[in-house]
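Engineer: Dropping a structure here in structure tokens format, bear with me for questions.
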Amino acid sequence: ETEVGYAGGAKAQVTYEEVCTGNSGHAEVVRLTFDENKVSYKKILDLFFKMHDPTQKDMQYPDVGTQYRSEIFYDNENQKIIAEKVLNQINEKLSGRAVTKISKIHNYCKAEEYHQKYHDKHGGVC
């Protein structure tokens, strides 16, 4: 299950407009709910790095700003350890160019309803 939201900033609740200013400290994120018996956290991270450029600081493709930074938020110490191991492997392949941060999740809030399932609502167009 996925949910679009914002995380990592100073306030517990923010709006898209606040996040877009770049001053809230939040990143635009996807919250995943998954069953470890069906898919491992490592597999999710492997997919993340296939879809995401870990060398782009404060941007992803055409989107620019601190809210688009490369960051993995974890829930527990086991996830942190796995994320660090996967990032180290990626960074070796990229000769140390990865800028992805790994942080404990804090101040997560769900994004507005019009952001949920955005691709489904707009025919896959961003």
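Letters A, B, ... go to the chains of the structure tokens in the order shown; residues in each chain start at 1; ligands are counted from 1 in the same order.
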If we count only C-alpha atoms, what is near range 67-72 of chain A at a cut-off of 8 Å, once residues fewer than 4 positions away on the same chain are taken out, given as a list in words?
Structural biologist: Val19, Cys20, Gly22, Gly25, His26, Ala27, Glu28, Asp53, Pro54, Gln56, Lys57, Asp58, Met59, Gln60, Asp63, Ala83, Val99, Thr100, Lys101, Ile102 and Ser103 of chain A
Engineer: Any chance you could export the current selection's C-alpha atoms as an mmCIF file, in the first residue's frame?
Structural biologist:
data_model
loop_
_atom_site.group_PDB
_atom_site.id
_atom_site.type_symbol
_atom_site.label_atom_id
_atom_site.label_comp_id
_atom_site.auth_asym_id
_atom_site.auth_seq_id
_atom_site.Cartn_x
_atom_site.Cartn_y
_atom_site.Cartn_z
ATOM 1 C CA VAL A 19 6.614 22.266 1.136
ATOM 2 C CA CYS A 20 7.013 23.880 -2.298
ATOM 3 C CA GLY A 22 11.576 24.859 0.200
ATOM 4 C CA GLY A 25 12.419 21.177 5.577
ATOM 5 C CA HIS A 26 10.069 18.435 4.378
ATOM 6 C CA ALA A 27 10.688 16.066 1.491
ATOM 7 C CA GLU A 28 7.925 14.768 -0.740
ATOM 8 C CA ASP A 53 18.966 8.900 -9.189
ATOM 9 C CA PRO A 54 20.978 8.936 -5.942
ATOM 10 C CA GLN A 56 21.123 14.293 -7.802
ATOM 11 C CA LYS A 57 21.201 16.651 -4.814
ATOM 12 C CA ASP A 58 17.933 18.477 -4.146
ATOM 13 C CA MET A 59 16.328 17.350 -7.381
ATOM 14 C CA GLN A 60 14.959 14.398 -9.279
ATOM 15 C CA ASP A 63 11.908 18.665 -10.330
ATOM 16 C CA ALA A 83 19.475 1.013 4.125
ATOM 17 C CA VAL A 99 24.160 11.953 -2.064
ATOM 18 C CA THR A 100 21.241 9.978 -0.611
ATOM 19 C CA LYS A 101 20.631 10.631 3.082
ATOM 20 C CA ILE A 102 19.288 8.059 5.532
ATOM 21 C CA SER A 103 17.165 9.483 8.336
#
Engineer: Give me, as a PyMOL selection string, the residues of chain A that a backbone DSSP run labels helix (DSSP H, G or I).
Structural biologist: chain A and resi 16-20+41-51+66-68+77-93+113-115+118-121
Engineer: Using Å and a single decimal, report how far CA of Asn107 in chain A sits from CA of Lys11 in chain A.
Structural biologist: 6.2 Å
Engineer: Using Å and a single decimal, report how far CA of Glu1 in chain A sits from CA of Thr33 in chain A.
Structural biologist: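 Computed distance, CA of Thr33 in chain A to CA of Glu1 in chain A, equals 5.0 Å.
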Engineer: What is the distance, in Å and to one decimal place, between CA of Tyr108 in chain A and CA of Val86 in chain A?
Structural biologist: 23.3 Å
